Every structure is written in C-alpha cells, then in structure tokens.
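J.: My questions will all concern the structure given below.
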Amino acid sequence: MQHLDNDVRELTAVERQQIEDEHARLDQFLRELCETCCEFDSLKGCLGCGREKIASCQGRLISFEYVFIDLVIEHFKNEEKIMSKIFSNQDTNECFRFHQQEHDKLLREMQGLMHKLSTESDRGHTAVAIREFHYRVMELFGKHARMFDDPFMRQPKGGKK
Ligand SMILES: [Fe+2]
Ligand SMILES: [Fe+2]
C-alpha cells in the first residue's frame, strides 16, 4: 500500500508520544505479569509454590485480565482516532479500515487467550498459563506492530522507502 504525501499528514509529536506511551504501558503490564510468576524463566510449573503464593498468583491474574483488556481497548480506540485524523483520501482510508479490522480481530483473539488463561489457572496450571499467554500475546502484538503500527508511525516520512 502506497501513500502520497498529500494524502497523509505527519503525526504530531503529541500524537506520536501518546501512541509510544501506550505501547510502552502495555509492554510494562505484560512484564509485570511475568514477574508475578517466580518460575517464569525456569519453565517449571506451580508445584514448588505454596498455597498462599498460588492463590495470590490466581488473584493477580484476575485483576490483570480486567486492567489489561481495558488498556488494549483504550489503546486501539486512541490509535484509530489519531489515524482517522491523519489519513484523508480513499486509498489511505483503506489502510485505516484494514488496521481497524486487525484491531477487532486482535481483540477477539486476546479475549480467547484470556479465557484460556483463566481456565488453565483455575485448574492449577497458572505458571504454564502465564507463559503461554505471554508468548502468544507477544507474538500477536509483535506481528501487528510490524505490519500495521510501524508503517503507520513512519508515515509519510518513511512511506517512500
Ligand atoms: Fe494498531
Ligand atoms: Fe498500537
């Protein structure tokens, strides 16, 4: 998809900063989730942890899910609002629609992953559930960033390269 310079205006410093801050916030939340589990890097399960720690991890997961999904929804909404301001013609609006459709798809996938996260944690496999969730979300977000957010953030400066 190519854009012409007069179809797209550059992101303002404030808009760029807002998107970058929100991406950083989402990353931070995911990092904090991993830090909840003391076996995150060891690839072990929850067997080595006591009842209290297991219960606190499960509680932490529930609050994480509420906050994280809200942050994702809010971020998509803000990104789309900024996008709708910088793209002006039909072609570029198509880019906007593709990006928006990807957000909707990503949100549905996230909800599925969250459901799996809760179910696995309820079964006592919290450590495995956190690792799998983290891996899948990083993969999905990474792909989305490469295909949609990065090109959009580069417009129109890098659009001709
Ligand atoms: Fe996006
Ligand atoms: Fe984004």
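Chain identifiers are assigned as A, B, and so on, following the order in which chains appear in the structure tokens; residues are numbered from 1 within each chain, and ligands are numbered from 1 in order of appearance.
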Taking only C-alpha atoms and all ligand atoms into account, which residues have an atom no farther than 10 Å from ligand 2? I'd like them as a list in words.

T.: Ile19, Glu20, Glu22, His23, Ala24, Leu26, Val72, His75, Phe76, Lys77, Asn78, Glu79, Glu80, His99, His103, Phe141, Gly142, His144, Ala145, Phe148, Asp149, Asp150, Phe152 and Met153 of chain A

J.: Hey, what does DSSP flag as alpha helix (DSSP H) within segment 21-98 of chain A? Can you give it to me as an NGL selection string?

T.: :A and (21-36 or 51-86 or 90-98)

J.: Tell me which of A:Glu139, A:Asp122, A:Asp104, A:Asp70 sits closest to ligand 1, counting only C-alpha atoms and all ligand atoms.

T.: A:Asp104

J.: Do you know which residues are at most 10 Å from Lys53 of chain A counting only C-alpha atoms, after dropping those on the same chain fewer than 5 positions away, and could you put them as a PyMOL selection string?

T.: chain A and resi 36-38+46+48+58-59

J.: What does the distance from atom CA of Ser63 of chain A to atom CA of Glu132 of chain A come to in Å, to one decimal?

T.: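 Rounded to one decimal, the two atoms are 18.0 Å apart.
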
J.: Hey, which of A:Ser121, A:Gln18, A:Gln101, A:Ser56 ends up closest to ligand 1? Count only C-alpha atoms and all ligand atoms.

T.: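 Selected residue with least distance to ligand 1: A:Gln101.
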
J.: Using Å and a single decimal, report how far atom CA of Val67 of chain A sits from atom CA of Gly112 of chain A.

T.: 15.9 Å

J.: Name the closest residue to ligand 1 among the candidates A:Arg131, A:Arg97, A:Arg136, A:His125; distances are taken between atoms, counting only C-alpha atoms and all ligand atoms.

T.: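 Residue with the minimum atom-to-atom distance to ligand 1: A:Arg97.
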